[in-house]
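Here is the file structure11.cif (mmCIF, C-alpha atoms).
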```cif
data_data
#
loop_
_atom_site.label_atom_id
_atom_site.label_comp_id
_atom_site.auth_asym_id
_atom_site.auth_seq_id
_atom_site.Cartn_x
_atom_site.Cartn_y
_atom_site.Cartn_z
CA GLY A 30 -37.15 -61.06 20.07
CA PRO A 31 -33.49 -61.25 20.96
CA PHE A 32 -33.44 -57.64 22.09
CA PRO A 33 -35.11 -56.44 25.29
CA ALA A 34 -37.98 -54.05 24.90
CA CYS A 35 -36.88 -50.44 24.93
CA VAL A 36 -38.89 -47.92 26.86
CA TRP A 37 -38.49 -44.26 25.96
CA ARG A 38 -38.44 -41.95 28.90
CA PRO A 39 -38.05 -38.17 28.72
CA VAL A 40 -34.69 -37.03 29.98
CA ARG A 41 -34.69 -34.19 32.43
CA ARG A 42 -32.18 -31.57 31.31
CA GLU A 43 -30.50 -29.74 34.15
CA PRO A 44 -29.68 -26.08 33.51
CA ILE A 45 -26.01 -25.54 32.76
CA PRO A 46 -24.37 -23.29 35.32
CA SER A 47 -23.38 -19.94 33.87
CA GLU A 48 -19.71 -20.50 34.64
CA MET A 49 -19.77 -23.82 32.76
CA SER A 50 -21.53 -22.34 29.72
CA ALA A 51 -18.89 -19.66 29.55
CA GLU A 52 -16.25 -22.38 29.37
CA VAL A 53 -17.82 -24.35 26.55
CA GLN A 54 -18.73 -21.36 24.40
CA PRO A 55 -15.99 -20.56 21.88
CA THR A 56 -14.29 -17.26 22.36
CA PHE A 57 -12.83 -15.28 19.48
CA ARG A 58 -10.10 -12.75 19.81
CA PRO A 59 -10.74 -9.56 17.89
CA ARG A 60 -8.31 -9.05 15.05
CA PRO A 61 -5.62 -6.54 16.00
CA VAL A 62 -6.12 -3.08 14.51
CA ARG A 63 -3.99 -2.65 11.39
CA VAL A 64 -2.79 0.76 10.29
CA SER A 65 -0.89 1.92 7.24
CA VAL A 66 2.63 2.65 8.51
CA PRO A 67 5.15 2.69 5.66
CA VAL A 68 8.48 2.11 7.38
CA ARG A 69 11.66 0.45 6.19
CA VAL A 70 12.07 -3.02 7.70
CA GLU A 71 14.99 -5.42 7.69
CA PHE A 72 13.96 -9.06 8.00
CA ARG A 73 16.99 -11.31 8.39
CA GLY A 74 17.46 -15.05 8.88
CA THR A 75 20.26 -17.57 8.47
CA ARG A 76 19.74 -17.79 4.68
CA PHE A 77 18.01 -14.57 3.73
CA ALA A 78 18.03 -10.82 4.28
CA ILE A 79 15.22 -8.57 3.03
CA ARG A 80 15.04 -4.81 3.38
CA GLU A 81 11.68 -3.48 2.22
CA LEU A 82 8.72 -1.32 3.25
CA THR A 83 5.70 -2.30 5.29
CA ALA A 84 2.18 -1.95 3.90
CA ASN A 85 0.54 -2.14 7.31
CA LEU A 86 1.34 -2.82 10.92
CA SER A 87 -0.49 -4.06 14.01
CA GLN A 88 0.48 -5.03 17.54
CA GLY A 89 0.80 -8.62 16.37
CA GLY A 90 2.63 -8.35 13.07
CA LEU A 91 3.05 -6.59 9.75
CA PHE A 92 2.79 -7.04 6.00
CA LEU A 93 6.12 -6.62 4.20
CA VAL A 94 5.93 -5.52 0.56
CA THR A 95 8.36 -7.70 -1.39
CA GLU A 96 8.49 -10.00 -4.40
CA ARG A 97 10.89 -12.34 -2.62
CA MET A 98 8.85 -15.27 -1.35
CA ILE A 99 9.81 -17.05 1.87
CA PRO A 100 7.68 -20.04 2.96
CA PRO A 101 5.39 -19.83 5.99
CA GLY A 102 7.03 -21.09 9.16
CA THR A 103 10.35 -19.40 8.38
CA ARG A 104 11.68 -17.47 11.37
CA GLY A 105 13.93 -14.46 11.44
CA ARG A 106 14.73 -11.19 13.15
CA LEU A 107 12.86 -7.97 12.33
CA THR A 108 14.41 -4.54 12.81
CA PHE A 109 12.65 -1.27 12.04
CA ARG A 110 12.62 2.34 13.19
CA VAL A 111 9.66 4.67 12.83
CA THR A 112 11.56 7.94 13.15
CA PRO A 113 15.29 8.72 13.29
CA TRP A 114 15.04 9.85 16.91
CA ASP A 115 13.21 6.74 18.19
CA PRO A 116 15.05 3.58 19.29
CA PRO A 117 14.59 0.73 16.79
CA PHE A 118 12.29 -2.24 17.28
CA THR A 119 14.15 -5.57 17.13
CA LEU A 120 11.75 -8.51 17.31
CA ASP A 121 11.71 -12.24 16.64
CA ALA A 122 9.21 -12.96 13.88
CA GLU A 123 7.74 -15.71 11.71
CA VAL A 124 6.34 -15.75 8.17
CA VAL A 125 2.68 -16.81 8.27
CA ARG A 126 1.47 -15.90 4.76
CA MET A 127 2.83 -15.41 1.24
CA VAL A 128 1.17 -13.23 -1.42
CA PRO A 129 3.11 -13.98 -4.62
CA PRO A 130 3.23 -11.48 -7.51
CA GLY A 131 0.38 -12.10 -9.95
CA GLY A 132 -1.33 -14.52 -7.54
CA PRO A 133 -5.02 -14.64 -6.60
CA GLU A 134 -4.54 -11.62 -4.33
CA SER A 135 -2.69 -9.64 -7.01
CA ASP A 136 -4.99 -6.61 -6.64
CA GLY A 137 -2.73 -5.65 -3.74
CA PRO A 138 1.04 -5.73 -3.47
CA ALA A 139 3.04 -8.94 -3.33
CA GLY A 140 4.61 -9.63 0.01
CA LEU A 141 4.83 -11.55 3.25
CA GLY A 142 2.51 -11.60 6.24
CA ILE A 143 4.78 -11.72 9.29
CA ARG A 144 3.79 -12.42 12.89
CA PHE A 145 5.80 -11.15 15.84
CA ALA A 146 6.88 -14.29 17.69
CA SER A 147 7.80 -12.55 20.93
CA ILE A 148 7.51 -8.94 22.04
CA PRO A 149 9.12 -7.47 25.17
CA ASP A 150 6.62 -5.57 27.31
CA ALA A 151 8.31 -2.21 26.65
CA ASP A 152 8.12 -2.75 22.87
CA ARG A 153 4.49 -3.88 23.15
CA VAL A 154 3.60 -0.56 24.77
CA ARG A 155 5.53 1.38 22.11
CA LEU A 156 3.80 -0.55 19.31
CA GLN A 157 0.40 0.17 20.82
CA ARG A 158 1.22 3.89 21.02
CA LEU A 159 2.36 3.87 17.39
CA VAL A 160 -0.78 2.08 16.15
CA ASP A 161 -3.03 4.37 18.19
CA GLY A 162 -1.10 7.44 17.03
CA VAL A 163 -1.50 6.58 13.34
CA ARG A 164 -5.16 5.71 13.82
CA ASP A 165 -6.03 8.96 15.59
CA GLY A 166 -3.74 11.08 13.39
CA SER A 167 -1.35 12.24 16.12
CA VAL A 168 1.74 10.74 14.43
CA ILE A 169 0.98 12.56 11.17
CA GLU A 170 0.14 15.74 13.09
CA SER A 171 3.50 15.54 14.89
CA ILE A 172 5.37 15.42 11.56
CA ARG A 173 3.17 18.20 10.20
CA ARG A 174 3.84 20.39 13.25
CA THR A 175 7.63 20.12 12.97
CA ILE A 176 7.36 21.13 9.29
CA ARG A 177 5.18 24.13 10.15
CA GLU A 178 7.59 25.25 12.86
CA SER A 179 10.52 25.25 10.45
CA THR A 180 11.78 28.54 9.05
CA HIS A 181 12.13 26.95 5.60
CA GLY A 182 9.42 26.38 3.03
CA LEU A 183 7.44 23.17 2.68
CA ASP A 184 9.37 21.92 -0.37
CA HIS A 185 12.72 22.50 1.33
CA GLU A 186 11.57 20.72 4.48
CA LEU A 187 10.31 17.68 2.56
CA ARG A 188 13.57 17.36 0.64
CA HIS A 189 15.38 16.96 3.96
CA ARG A 190 12.91 14.52 5.52
CA THR A 191 13.43 10.76 5.50
CA PRO A 192 11.34 8.77 2.98
CA ASP A 193 9.59 7.01 5.88
CA GLN A 194 8.36 10.31 7.33
CA LYS A 195 7.19 11.51 3.93
CA MET A 196 5.29 8.27 3.37
CA ILE A 197 3.56 8.55 6.73
CA LEU A 198 2.62 12.14 5.91
CA ALA A 199 1.32 11.02 2.50
CA ILE A 200 -1.34 8.89 4.21
CA GLY A 201 -3.10 11.97 5.59
CA ALA A 202 -1.68 14.77 3.43
CA GLN A 203 -3.99 17.56 2.37
CA GLY A 204 -3.93 20.72 0.25
CA GLU A 205 -0.45 22.09 -0.39
CA GLU A 206 1.10 19.03 1.30
CA ILE A 207 -0.16 16.81 -1.53
CA ASP A 208 1.22 19.17 -4.18
CA ALA A 209 4.59 19.36 -2.41
CA LEU A 210 4.85 15.57 -2.04
CA ILE A 211 4.12 15.16 -5.76
CA ARG A 212 6.81 17.72 -6.59
CA ASP A 213 9.22 15.87 -4.31
CA GLY A 214 8.88 12.95 -6.71
CA ASN A 215 9.79 10.03 -4.41
CA PRO A 216 8.07 7.02 -6.09
CA SER A 217 7.27 5.22 -2.82
CA VAL A 218 5.71 8.41 -1.45
CA VAL A 219 3.63 8.88 -4.60
CA GLN A 220 2.40 5.29 -4.33
CA ARG A 221 1.15 6.06 -0.81
CA LEU A 222 -0.52 9.23 -2.04
CA LEU A 223 -2.58 7.21 -4.54
CA ASP A 224 -4.50 5.74 -1.57
CA ASN A 225 -5.06 9.11 0.09
CA PRO A 226 -8.82 9.88 0.07
CA ARG A 227 -8.07 13.59 -0.46
CA LEU A 228 -6.22 12.96 -3.73
CA ARG A 229 -8.07 14.38 -6.74
CA ILE A 230 -7.93 13.63 -10.44
CA GLN A 231 -5.94 16.81 -11.13
CA HIS A 232 -3.20 15.47 -8.84
CA VAL A 233 -3.11 12.15 -10.67
CA ARG A 234 -2.82 13.94 -14.02
CA VAL A 235 0.26 15.78 -12.72
CA ILE A 236 1.77 12.49 -11.53
CA MET A 237 1.21 10.85 -14.91
CA ARG A 238 2.75 13.75 -16.83
CA ASP A 239 5.99 13.48 -14.85
CA PRO A 240 8.57 11.61 -17.00
CA ARG A 241 10.43 10.64 -13.80
CA ALA A 242 7.50 8.51 -12.60
CA PRO A 243 8.66 4.88 -12.62
CA THR A 244 6.74 1.96 -14.11
CA ARG A 245 5.45 0.80 -10.71
CA VAL A 246 3.69 4.14 -10.14
CA LEU A 247 2.14 4.04 -13.62
CA LEU A 248 0.85 0.52 -13.00
CA ASP A 249 -0.61 1.51 -9.62
CA VAL A 250 -2.59 4.27 -11.35
CA LYS A 251 -3.65 1.89 -14.12
CA ARG A 252 -4.97 -0.66 -11.59
CA GLN A 253 -7.33 1.88 -10.01
CA ASN A 254 -10.33 2.37 -12.22
CA ARG A 255 -11.37 5.58 -10.46
CA TRP A 256 -8.24 7.21 -11.92
CA PHE A 257 -7.86 5.32 -15.18
CA ARG A 258 -11.36 5.98 -16.43
CA ASP A 259 -10.22 9.58 -16.98
CA GLU A 260 -9.16 10.01 -20.64
CA GLU A 261 -6.42 12.52 -19.85
CA VAL A 262 -4.83 10.01 -17.45
CA ARG A 263 -4.96 7.28 -20.13
CA TRP A 264 -3.54 9.72 -22.70
CA ALA A 265 -0.66 10.60 -20.35
CA TYR A 266 -0.05 6.88 -19.75
CA CYS A 267 0.28 6.24 -23.49
CA ARG A 268 2.75 9.12 -23.86
CA HIS A 269 4.86 8.13 -20.89
CA PRO A 270 8.36 6.84 -21.78
CA LYS A 271 8.24 4.13 -19.09
CA ALA A 272 4.86 2.61 -19.91
CA ALA A 273 5.08 -0.90 -21.38
CA PHE A 274 4.38 -0.78 -25.14
CA ALA A 275 2.14 -3.87 -24.99
CA ASP A 276 -0.12 -2.08 -22.48
CA VAL A 277 0.03 1.19 -24.41
CA GLN A 278 -1.28 -0.45 -27.58
CA HIS A 279 -4.34 -1.70 -25.72
CA VAL A 280 -4.99 1.59 -23.90
CA MET A 281 -4.69 3.67 -27.08
CA GLY A 282 -7.71 1.84 -28.48
CA THR A 283 -9.82 3.58 -25.79
CA LEU A 284 -8.69 7.11 -26.73
CA SER A 285 -10.58 9.55 -28.93
CA VAL A 286 -9.24 10.50 -32.36
CA PRO A 287 -8.15 14.01 -31.22
CA ARG A 288 -6.08 12.50 -28.37
CA LEU A 289 -4.55 9.93 -30.69
CA THR A 290 -3.72 12.65 -33.21
CA GLN A 291 -1.89 14.57 -30.47
CA ILE A 292 0.20 11.49 -29.69
CA ALA A 293 0.94 10.83 -33.36
CA ALA A 294 2.24 14.38 -33.84
CA ASP A 295 4.26 14.63 -30.59
CA GLY A 296 7.99 14.35 -31.27
CA LEU A 297 8.66 13.60 -27.58
CA VAL A 298 6.68 10.37 -27.76
CA ARG A 299 8.40 7.11 -28.69
CA MET A 300 8.42 6.35 -32.41
CA ASN A 301 6.63 3.00 -32.11
CA VAL A 302 3.86 4.63 -30.04
CA ARG A 303 3.42 7.42 -32.60
CA GLN A 304 3.22 4.89 -35.42
CA LYS A 305 0.63 2.85 -33.55
CA ALA A 306 -1.40 6.00 -32.87
CA ARG A 307 -1.46 6.84 -36.60
CA GLU A 308 -2.56 3.30 -37.40
CA ILE A 309 -5.45 3.46 -34.92
CA VAL A 310 -6.50 6.90 -36.18
CA ARG A 311 -6.68 5.57 -39.76
CA ARG A 312 -8.71 2.57 -38.61
CA LYS A 313 -11.12 4.69 -36.58
CA THR A 314 -11.65 7.30 -39.29
CA ARG A 315 -12.34 4.62 -41.91
CA SER A 316 -14.90 2.94 -39.69
#
```

Have the structure of the file written as structure tokens, please.
Amino acid sequence: GPFPACVWRPVRREPIPSEMSAEVQPTFRPRPVRVSVPVRVEFRGTRFAIRELTANLSQGGLFLVTERMIPPGTRGRLTFRVTPWDPPFTLDAEVVRMVPPGGPESDGPAGLGIRFASIPDADRVRLQRLVDGVRDGSVIESIRRTIRESTHGLDHELRHRTPDQKMILAIGAQGEEIDALIRDGNPSVVQRLLDNPRLRIQHVRVIMRDPRAPTRVLLDVKRQNRWFRDEEVRWAYCRHPKAAFADVQHVMGTLSVPRLTQIAADGLVRMNVRQKAREIVRRKTRS
């Protein structure tokens, strides 16, 4: 034919030197350790300025809790301070991710994933110490020790602490610390407490009975099934003056008749909630 005959010959494969195989094999950097460090951050650019709290922090960046969306690629300047006696961090940074409110990742908070664009060596060391200190508990223990060494009581000490310090303490609070932080009533601190593994249902019931608790705290409790499956928590939610009525109507359908009767007879509960409770009681007793 027009093509020459092809002869198949086995090809001898030479072993790849170890140094060459190391070059061709893909290498993956481990993801930087992220820790929950709730600190106030200012992120400022030519056309925006945001001052919000972090949800987490690593050596390479942070997640800023905010409903203001800024597109990935936007650069700005980050400034934050972990404690009043530490010098602030001031770093160039870039938005790499948006989590819009009500989006596909709405189980968590809305916000911005921000990468540190450049970090001076001294700040890199400080960041590493901070991350390690939160991970091993030494940062929380330092705050706890200064409170213990005070001549004042725990409640007095917490009232005079910065919100950032109280939020860091809330991550690892235990025993009387949890009770005192709940009594302190700072909504951002209470939100951090809701993720504390030592928090118990009796604590959440106290939080829900507090009329000062803002809507965002109520919604955080409602999103966590481990708390909201408790009928007393749902009952307190329905009674709360800041719970959205549309949600309350739905939740009341899950309450028992005795709980609904309590709501219907409680003069401190909103009139439209009491009326709805009576309506559901009539419907349930007829059925």

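With CA of Val64 (chain A) on one side and CA of Leu86 (chain A) on the other, the separation reads 5.5 Å.
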
query = What gap, in Å, lies between CA of Val286 (chain A) and CA of His269 (chain A)?
reply =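 Going from CA of Val286 (chain A) over to CA of His269 (chain A) covers 18.3 Å.
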
message = Which residues would end up in the selection if the PyMOL selection byres ((chain A and resi 243) around 12) were applied here, given that I need the answer as number ranges by chain?
response = A: 214-217, 219-220, 236-242, 244-250, 266, 269-273

Keeping only C-alpha atoms, write the selected residues as an mmCIF file, keeping the file's coordinate frame.
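Generated file (result.cif):
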```cif
data_model
loop_
_atom_site.group_PDB
_atom_site.id
_atom_site.type_symbol
_atom_site.label_atom_id
_atom_site.label_comp_id
_atom_site.auth_asym_id
_atom_site.auth_seq_id
_atom_site.Cartn_x
_atom_site.Cartn_y
_atom_site.Cartn_z
ATOM 1 C CA GLY A 214 8.880 12.950 -6.710
ATOM 2 C CA ASN A 215 9.790 10.030 -4.410
ATOM 3 C CA PRO A 216 8.070 7.020 -6.090
ATOM 4 C CA SER A 217 7.270 5.220 -2.820
ATOM 5 C CA VAL A 219 3.630 8.880 -4.600
ATOM 6 C CA GLN A 220 2.400 5.290 -4.330
ATOM 7 C CA ILE A 236 1.770 12.490 -11.530
ATOM 8 C CA MET A 237 1.210 10.850 -14.910
ATOM 9 C CA ARG A 238 2.750 13.750 -16.830
ATOM 10 C CA ASP A 239 5.990 13.480 -14.850
ATOM 11 C CA PRO A 240 8.570 11.610 -17.000
ATOM 12 C CA ARG A 241 10.430 10.640 -13.800
ATOM 13 C CA ALA A 242 7.500 8.510 -12.600
ATOM 14 C CA THR A 244 6.740 1.960 -14.110
ATOM 15 C CA ARG A 245 5.450 0.800 -10.710
ATOM 16 C CA VAL A 246 3.690 4.140 -10.140
ATOM 17 C CA LEU A 247 2.140 4.040 -13.620
ATOM 18 C CA LEU A 248 0.850 0.520 -13.000
ATOM 19 C CA ASP A 249 -0.610 1.510 -9.620
ATOM 20 C CA VAL A 250 -2.590 4.270 -11.350
ATOM 21 C CA TYR A 266 -0.050 6.880 -19.750
ATOM 22 C CA HIS A 269 4.860 8.130 -20.890
ATOM 23 C CA PRO A 270 8.360 6.840 -21.780
ATOM 24 C CA LYS A 271 8.240 4.130 -19.090
ATOM 25 C CA ALA A 272 4.860 2.610 -19.910
ATOM 26 C CA ALA A 273 5.080 -0.900 -21.380
#
```

task = Using only C-alpha atoms, determine which residues lie at most 8 Å from Arg303 (chain A), disregarding the query and same-chain residues fewer than 6 positions distant; provide the list as a PyMOL selection string.
result = chain A and resi 292-295

Restricted to C-alpha atoms, what would the selected residues look like written as a PDB file, in the coordinates of the input?
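Result file is part_15.pdb:
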```
ATOM      1  CA  ILE A 292       0.200  11.490 -29.690  1.00  0.00           C
ATOM      2  CA  ALA A 293       0.940  10.830 -33.360  1.00  0.00           C
ATOM      3  CA  ALA A 294       2.240  14.380 -33.840  1.00  0.00           C
ATOM      4  CA  ASP A 295       4.260  14.630 -30.590  1.00  0.00           C
TER       5      ASP A 295
END
```

request  = Specify as a list in words each residue included when the PyMOL selection byres ((chain A and resi 222) around 9) is applied to this file.
outcome  =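 That selection, the PyMOL selection byres ((chain A and resi 222) around 9), comes back as Met196, Ala199, Ile200, Gly201, Ala202, Ile207, Leu210, Ile211, Ser217, Val218, Val219, Gln220, Arg221, Leu223, Asp224, Asn225, Pro226, Arg227 and Leu228 of chain A.
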
ask   = Using the chain letters and numbers from the file, which residues does the PyMOL selection byres ((chain A and resi 170) around 12) grab, as a PyMOL selection string?
value = chain A and resi 162-169+171-177+194+197-203

Restricting it to C-alpha atoms, dump the selection as an mmCIF file, keeping the file's coordinate frame.
```cif
data_model
loop_
_atom_site.group_PDB
_atom_site.id
_atom_site.type_symbol
_atom_site.label_atom_id
_atom_site.label_comp_id
_atom_site.auth_asym_id
_atom_site.auth_seq_id
_atom_site.Cartn_x
_atom_site.Cartn_y
_atom_site.Cartn_z
ATOM 1 C CA GLY A 162 -1.100 7.440 17.030
ATOM 2 C CA VAL A 163 -1.500 6.580 13.340
ATOM 3 C CA ARG A 164 -5.160 5.710 13.820
ATOM 4 C CA ASP A 165 -6.030 8.960 15.590
ATOM 5 C CA GLY A 166 -3.740 11.080 13.390
ATOM 6 C CA SER A 167 -1.350 12.240 16.120
ATOM 7 C CA VAL A 168 1.740 10.740 14.430
ATOM 8 C CA ILE A 169 0.980 12.560 11.170
ATOM 9 C CA SER A 171 3.500 15.540 14.890
ATOM 10 C CA ILE A 172 5.370 15.420 11.560
ATOM 11 C CA ARG A 173 3.170 18.200 10.200
ATOM 12 C CA ARG A 174 3.840 20.390 13.250
ATOM 13 C CA THR A 175 7.630 20.120 12.970
ATOM 14 C CA ILE A 176 7.360 21.130 9.290
ATOM 15 C CA ARG A 177 5.180 24.130 10.150
ATOM 16 C CA GLN A 194 8.360 10.310 7.330
ATOM 17 C CA ILE A 197 3.560 8.550 6.730
ATOM 18 C CA LEU A 198 2.620 12.140 5.910
ATOM 19 C CA ALA A 199 1.320 11.020 2.500
ATOM 20 C CA ILE A 200 -1.340 8.890 4.210
ATOM 21 C CA GLY A 201 -3.100 11.970 5.590
ATOM 22 C CA ALA A 202 -1.680 14.770 3.430
ATOM 23 C CA GLN A 203 -3.990 17.560 2.370
#
```

Would you be able to write out as a short mmCIF file (atom, residue, chain, number, x, y, z; two decimals) with C-alpha atoms, keeping the file's coordinate frame which residues have an atom within 8 Å of (2.2, -0.2, 5.4) in the file's coordinates, counting only C-alpha atoms?
```
data_model
loop_
_atom_site.label_atom_id
_atom_site.label_comp_id
_atom_site.auth_asym_id
_atom_site.auth_seq_id
_atom_site.Cartn_x
_atom_site.Cartn_y
_atom_site.Cartn_z
CA VAL A 64 -2.79 0.76 10.29
CA SER A 65 -0.89 1.92 7.24
CA VAL A 66 2.63 2.65 8.51
CA PRO A 67 5.15 2.69 5.66
CA VAL A 68 8.48 2.11 7.38
CA LEU A 82 8.72 -1.32 3.25
CA THR A 83 5.70 -2.30 5.29
CA ALA A 84 2.18 -1.95 3.90
CA ASN A 85 0.54 -2.14 7.31
CA LEU A 86 1.34 -2.82 10.92
CA LEU A 91 3.05 -6.59 9.75
CA PHE A 92 2.79 -7.04 6.00
CA LEU A 93 6.12 -6.62 4.20
#
```

key: Separation of CA of Leu297 (chain A) from CA of Arg312 (chain A), in Å and rounded to one decimal   = 23.3 Å

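Using all atoms listed in the file, the shortest contact distance between Val154 (chain A) and any of A:Thr75, A:Gln88, A:Gln291, A:Gln304 is found at A:Gln88.
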
key: Counting all atoms listed in the file, the option among A:Phe257, A:Phe109, A:Phe118, A:Phe77 closest to Arg155 (chain A)   =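 Residue with the minimum atom-to-atom distance to Arg155 (chain A): A:Phe118.
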
message = From the options A:Phe274, A:Trp264, A:Phe145, A:Trp256, which residue's atoms come nearest to Val124 (chain A), counting only C-alpha atoms?
response = A:Phe145

Output region 88-108 of chain A with N, CA and C atoms present, as a short mmCIF file (atom, residue, chain, number, x, y, z; two decimals), in the frame of the given file.
```cif
data_model
loop_
_atom_site.label_atom_id
_atom_site.label_comp_id
_atom_site.auth_asym_id
_atom_site.auth_seq_id
_atom_site.Cartn_x
_atom_site.Cartn_y
_atom_site.Cartn_z
N GLN A 88 -0.27 -4.61 16.36
CA GLN A 88 0.48 -5.03 17.54
C GLN A 88 1.02 -6.45 17.38
N GLY A 89 0.40 -7.22 16.49
CA GLY A 89 0.80 -8.62 16.37
C GLY A 89 1.67 -8.95 15.19
N GLY A 90 1.83 -8.03 14.24
CA GLY A 90 2.63 -8.35 13.07
C GLY A 90 2.57 -7.26 12.04
N LEU A 91 3.04 -7.57 10.83
CA LEU A 91 3.05 -6.59 9.75
C LEU A 91 3.01 -7.30 8.40
N PHE A 92 2.73 -6.52 7.36
CA PHE A 92 2.79 -7.04 6.00
C PHE A 92 3.95 -6.35 5.29
N LEU A 93 4.91 -7.14 4.83
CA LEU A 93 6.12 -6.62 4.20
C LEU A 93 5.97 -6.70 2.70
N VAL A 94 6.09 -5.57 2.01
CA VAL A 94 5.93 -5.52 0.56
C VAL A 94 7.23 -5.98 -0.10
N THR A 95 7.18 -7.14 -0.74
CA THR A 95 8.36 -7.70 -1.39
C THR A 95 7.94 -8.76 -2.40
N GLU A 96 8.74 -8.93 -3.44
CA GLU A 96 8.49 -10.00 -4.40
C GLU A 96 9.32 -11.24 -4.09
N ARG A 97 10.12 -11.17 -3.04
CA ARG A 97 10.89 -12.34 -2.62
C ARG A 97 10.03 -13.20 -1.69
N MET A 98 9.74 -14.40 -2.11
CA MET A 98 8.85 -15.27 -1.35
C MET A 98 9.64 -16.18 -0.41
N ILE A 99 9.22 -16.19 0.84
CA ILE A 99 9.81 -17.05 1.87
C ILE A 99 8.67 -17.88 2.47
N PRO A 100 8.82 -19.19 2.56
CA PRO A 100 7.68 -20.04 2.96
C PRO A 100 7.22 -19.79 4.39
N PRO A 101 5.91 -19.95 4.63
CA PRO A 101 5.39 -19.83 5.99
C PRO A 101 6.13 -20.78 6.94
N GLY A 102 6.29 -20.32 8.17
CA GLY A 102 7.03 -21.09 9.16
C GLY A 102 8.47 -20.65 9.31
N THR A 103 8.97 -19.89 8.31
CA THR A 103 10.35 -19.40 8.38
C THR A 103 10.47 -18.32 9.45
N ARG A 104 11.47 -18.44 10.29
CA ARG A 104 11.68 -17.47 11.37
C ARG A 104 12.87 -16.57 11.07
N GLY A 105 12.83 -15.39 11.62
CA GLY A 105 13.93 -14.46 11.44
C GLY A 105 13.84 -13.35 12.46
N ARG A 106 14.64 -12.33 12.22
CA ARG A 106 14.73 -11.19 13.15
C ARG A 106 14.32 -9.93 12.39
N LEU A 107 13.35 -9.21 12.93
CA LEU A 107 12.86 -7.97 12.33
C LEU A 107 13.48 -6.77 13.03
N THR A 108 13.93 -5.79 12.24
CA THR A 108 14.41 -4.54 12.81
C THR A 108 13.79 -3.40 12.03
#
```
